[in-house]
file work19.txt (compact mmCIF, C-alpha atoms)
# COMPACT_ATOMS: atom_id res chain seq x y z
CA MET A 519 -23.02 -12.95 -45.98
CA GLU A 520 -21.89 -10.27 -43.56
CA LYS A 521 -23.86 -10.08 -40.33
CA LYS A 522 -25.57 -6.80 -39.43
CA LEU A 523 -24.39 -4.96 -36.34
CA VAL A 524 -26.60 -5.17 -33.26
CA SER A 525 -26.33 -2.32 -30.76
CA VAL A 526 -27.03 -3.18 -27.14
CA LEU A 527 -27.93 0.12 -25.44
CA THR A 528 -28.09 0.19 -21.67
CA PRO A 529 -28.50 3.16 -19.36
CA CYS A 530 -27.29 2.61 -15.81
CA TYR A 531 -27.27 4.31 -12.46
CA ASN A 532 -25.62 2.71 -9.42
CA THR A 533 -26.04 -0.86 -10.65
CA GLY A 534 -22.51 -2.01 -9.94
CA ARG A 535 -23.74 -5.04 -8.06
CA TYR A 536 -25.88 -6.26 -11.02
CA ILE A 537 -24.47 -5.03 -14.31
CA HIS A 538 -21.89 -7.84 -14.49
CA ARG A 539 -24.77 -10.25 -15.21
CA LEU A 540 -25.80 -8.28 -18.29
CA LEU A 541 -22.22 -7.83 -19.50
CA ASP A 542 -21.46 -11.54 -19.05
CA SER A 543 -24.67 -12.50 -20.86
CA VAL A 544 -23.81 -10.25 -23.81
CA LEU A 545 -20.33 -11.75 -23.94
CA SER A 546 -21.85 -15.23 -24.08
CA GLN A 547 -24.02 -14.45 -27.12
CA SER A 548 -23.57 -16.57 -30.23
CA TYR A 549 -24.31 -13.65 -32.57
CA PRO A 550 -20.93 -12.44 -33.91
CA CYS A 551 -21.50 -8.72 -34.54
CA ILE A 552 -22.37 -6.75 -31.39
CA GLU A 553 -21.53 -3.34 -29.99
CA MET A 554 -22.62 -2.41 -26.50
CA VAL A 555 -23.15 1.17 -25.36
CA VAL A 556 -23.50 1.70 -21.62
CA VAL A 557 -24.46 5.23 -20.60
CA ASP A 558 -23.68 5.84 -16.93
CA ASP A 559 -26.10 8.43 -15.57
CA GLY A 560 -23.80 9.78 -12.86
CA SER A 561 -23.33 6.62 -10.78
CA THR A 562 -21.64 7.07 -7.42
CA ASP A 563 -20.92 3.37 -6.83
CA ASP A 564 -18.39 1.14 -8.59
CA SER A 565 -20.40 0.87 -11.84
CA ALA A 566 -17.78 2.71 -13.91
CA SER A 567 -14.86 0.51 -12.87
CA ILE A 568 -16.86 -2.68 -13.38
CA ILE A 569 -18.03 -1.66 -16.85
CA LYS A 570 -14.58 -0.45 -17.91
CA SER A 571 -13.04 -3.74 -16.74
CA TYR A 572 -15.12 -5.52 -19.40
CA ILE A 573 -13.82 -3.45 -22.33
CA PRO A 574 -10.83 -5.78 -23.00
CA ARG A 575 -13.04 -8.86 -22.67
CA PHE A 576 -15.44 -7.47 -25.27
CA ALA A 577 -12.53 -6.62 -27.57
CA LYS A 578 -11.10 -10.13 -27.20
CA LYS A 579 -14.40 -11.57 -28.43
CA GLY A 580 -14.51 -9.09 -31.33
CA TYR A 581 -17.28 -7.01 -29.77
CA GLU A 582 -17.06 -3.36 -28.83
CA LEU A 583 -18.04 -1.96 -25.45
CA LYS A 584 -18.44 1.81 -25.22
CA TYR A 585 -18.68 3.40 -21.79
CA VAL A 586 -20.16 6.91 -21.65
CA TYR A 587 -20.46 8.97 -18.48
CA GLN A 588 -22.93 11.82 -18.07
CA GLU A 589 -23.88 13.92 -15.09
CA ASN A 590 -27.06 12.59 -13.52
CA SER A 591 -29.80 13.67 -15.91
CA GLY A 592 -32.21 10.74 -15.84
CA GLN A 593 -32.75 7.57 -17.81
CA SER A 594 -34.41 9.21 -20.81
CA VAL A 595 -31.44 11.54 -21.35
CA ALA A 596 -29.06 8.58 -20.99
CA ILE A 597 -31.01 6.65 -23.61
CA GLN A 598 -31.10 9.63 -25.96
CA ASN A 599 -27.34 10.12 -25.59
CA GLY A 600 -26.79 6.42 -26.25
CA LEU A 601 -28.92 6.51 -29.38
CA HIS A 602 -26.55 9.14 -30.80
CA ILE A 603 -23.64 6.74 -30.33
CA ALA A 604 -25.21 3.40 -31.35
CA ARG A 605 -24.37 2.41 -34.93
CA GLY A 606 -26.19 -0.89 -35.27
CA GLU A 607 -28.70 -1.91 -37.90
CA TYR A 608 -30.65 -3.40 -35.00
CA LEU A 609 -31.12 -2.19 -31.45
CA VAL A 610 -31.79 -4.06 -28.22
CA TRP A 611 -32.35 -2.14 -25.04
CA PRO A 612 -31.93 -4.15 -21.83
CA ASP A 613 -31.85 -2.42 -18.47
CA SER A 614 -28.63 -2.67 -16.48
CA ASP A 615 -30.15 -5.17 -14.03
CA ASP A 616 -31.40 -7.43 -16.84
CA TYR A 617 -29.52 -10.24 -18.56
CA TYR A 618 -29.99 -12.67 -21.43
CA ALA A 619 -30.89 -16.14 -20.16
CA SER A 620 -30.08 -17.72 -23.53
CA ASP A 621 -26.74 -17.53 -25.34
CA LYS A 622 -28.71 -17.43 -28.59
CA ALA A 623 -31.14 -14.64 -27.64
CA ILE A 624 -29.73 -11.96 -29.94
CA GLU A 625 -29.12 -14.45 -32.76
CA ILE A 626 -32.77 -15.56 -32.58
CA LEU A 627 -34.11 -12.00 -32.50
CA VAL A 628 -32.00 -11.01 -35.54
CA ASP A 629 -32.99 -14.18 -37.37
CA ARG A 630 -36.68 -13.35 -36.85
CA LEU A 631 -36.17 -9.93 -38.38
CA GLU A 632 -33.94 -11.10 -41.22
CA HIS A 633 -36.20 -13.97 -42.30
CA SER A 634 -39.61 -12.41 -41.95
CA SER A 635 -41.80 -10.38 -44.22
CA PRO A 636 -41.04 -6.66 -44.63
CA GLU A 637 -44.00 -5.78 -42.41
CA ILE A 638 -42.13 -7.16 -39.39
CA ALA A 639 -40.26 -4.28 -37.78
CA MET A 640 -39.92 -5.40 -34.18
CA VAL A 641 -39.56 -8.63 -32.23
CA ARG A 642 -39.60 -9.07 -28.49
CA ALA A 643 -38.87 -11.74 -25.96
CA MET A 644 -40.97 -12.89 -23.05
CA LEU A 645 -39.77 -11.54 -19.71
CA ARG A 646 -38.76 -13.81 -16.86
CA VAL A 647 -38.98 -12.08 -13.50
CA VAL A 648 -36.38 -13.52 -11.11
CA GLY A 649 -35.31 -12.90 -7.54
CA GLU A 650 -32.66 -10.23 -7.22
CA GLU A 651 -30.12 -12.34 -5.34
CA THR A 652 -31.09 -15.95 -6.10
CA LEU A 653 -32.15 -15.50 -9.75
CA TYR A 654 -34.96 -17.93 -8.92
CA GLU A 655 -37.84 -17.51 -11.37
CA ILE A 656 -40.80 -15.74 -9.79
CA ARG A 657 -43.06 -15.46 -12.84
CA ILE A 658 -43.07 -15.13 -16.60
CA GLN A 659 -44.60 -11.91 -17.87
CA GLY A 660 -46.43 -11.98 -21.17
CA GLU A 661 -47.65 -15.56 -21.45
CA ASP A 662 -51.15 -14.29 -22.17
CA ALA A 663 -50.08 -11.68 -24.77
CA PRO A 664 -51.60 -12.11 -28.24
CA GLU A 665 -49.28 -13.60 -30.84
CA GLU A 666 -50.14 -10.91 -33.37
CA ASP A 667 -51.13 -7.32 -32.71
CA ASP A 668 -51.35 -4.65 -35.40
CA THR A 669 -51.38 -1.91 -32.76
CA LEU A 670 -48.24 -3.02 -30.89
CA PHE A 671 -46.03 -0.18 -32.09
CA CYS A 672 -48.49 2.44 -30.84
CA LYS A 673 -48.97 0.56 -27.57
CA CYS A 674 -45.21 0.56 -27.00
CA LEU A 675 -45.07 4.32 -27.57
CA LEU A 676 -47.95 4.88 -25.16
CA GLY A 677 -46.53 2.63 -22.44
CA ASP A 678 -48.98 -0.27 -22.78
CA PHE A 679 -46.17 -2.74 -23.39
CA TYR A 680 -46.42 -6.48 -22.96
CA PHE A 681 -44.10 -9.31 -23.91
CA THR A 682 -44.51 -12.21 -26.31
CA ARG A 683 -42.77 -15.57 -26.51
CA LEU A 684 -39.22 -15.58 -27.88
CA TYR A 685 -39.81 -18.75 -29.88
CA GLY A 686 -43.40 -17.97 -30.81
CA PRO A 687 -44.85 -16.25 -33.85
CA TYR A 688 -43.85 -12.73 -34.67
CA VAL A 689 -45.70 -9.55 -33.97
CA ARG A 690 -47.04 -8.16 -37.25
CA PHE A 691 -47.55 -4.54 -38.24
CA LYS A 692 -49.60 -2.89 -40.97
CA GLY A 693 -46.73 -1.10 -42.65
CA ASN A 694 -43.00 -1.04 -42.75
CA TYR A 695 -41.39 0.70 -39.78
CA ARG A 696 -37.82 -0.34 -40.62
CA THR A 697 -35.53 2.64 -41.01
call {"tool": "encode", "arguments": {"input": "work19.txt", "output": "structure tokens"}}
result
Amino acid sequence: MEKKLVSVLTPCYNTGRYIHRLLDSVLSQSYPCIEMVVVDDGSTDDSASIIKSYIPRFAKKGYELKYVYQENSGQSVAIQNGLHIARGEYLVWPDSDDYYASDKAIEILVDRLEHSSPEIAMVRAMLRVVGEETLYEIRIQGEDAPEEDDTLFCKCLLGDFYFTRLYGPYVRFKGNYRT
């Protein structure tokens, strides 16, 4: 069975000293069908050269890395522009200073969606907050989040967003939000 494409959409602005962590973590993923879209919101540091240097590495793995530059217009415009480019059946949306701690993160998230009931439209991972330089774990955000929440989609839209365990039960919705 052919795997569905996952789009990794990341806006960035002057994150040249961090974005390599995200790019390396995407390259280490076990899921075989990934495209990454990085929308540079007018960075003035070395972000562009770092991101572009990863394009051949992504191609070698069979992934695609798309670099898009825009004049500084803000994160929401960068995300909107990236959404026009992303082609995946599924979308993940890490920030440019984030990274995947597990090589199976995307595979697990896709598996949860593929092997769940049709009411499941979104899965999320728990967030580990780490030190900027040391990557030492400071705290885990979302340990107290409910395992099921029928209002999660609305909460996400309204900014009341919390994280659930990656290996825990799914978040269930009252309806099918898959497009």
call {"tool": "closest_residue", "arguments": {"input": "work19.txt", "among": "A:Tyr536, A:Tyr549, A:Tyr585, A:Phe576", "to": "Lys522 of chain A", "atoms": "all atoms listed in the file"}}
result
A:Tyr549
call {"tool": "closest_residue", "arguments": {"input": "work19.txt", "among": "A:Pro529, A:Val544, A:Ile537, A:Lys521", "to": "Ala619 of chain A", "atoms": "only C-alpha atoms"}}
result
A:Val544
call {"tool": "atom_distance", "arguments": {"input": "work19.txt", "atom1": "atom CA of His602 of chain A", "atom2": "atom CA of Val524 of chain A"}}
result
14.5 Å
call {"tool": "closest_residue", "arguments": {"input": "work19.txt", "among": "A:Ile626, A:Lys584, A:Tyr617, A:Pro550", "to": "Glu650 of chain A", "atoms": "all atoms listed in the file"}}
result
A:Tyr617
call {"tool": "atom_distance", "arguments": {"input": "work19.txt", "atom1": "atom CA of Asp621 of chain A", "atom2": "atom CA of Lys570 of chain A"}}
result
22.2 Å
call {"tool": "atom_distance", "arguments": {"input": "work19.txt", "atom1": "atom CA of Ile573 of chain A", "atom2": "atom CA of Glu607 of chain A"}}
result
21.6 Å
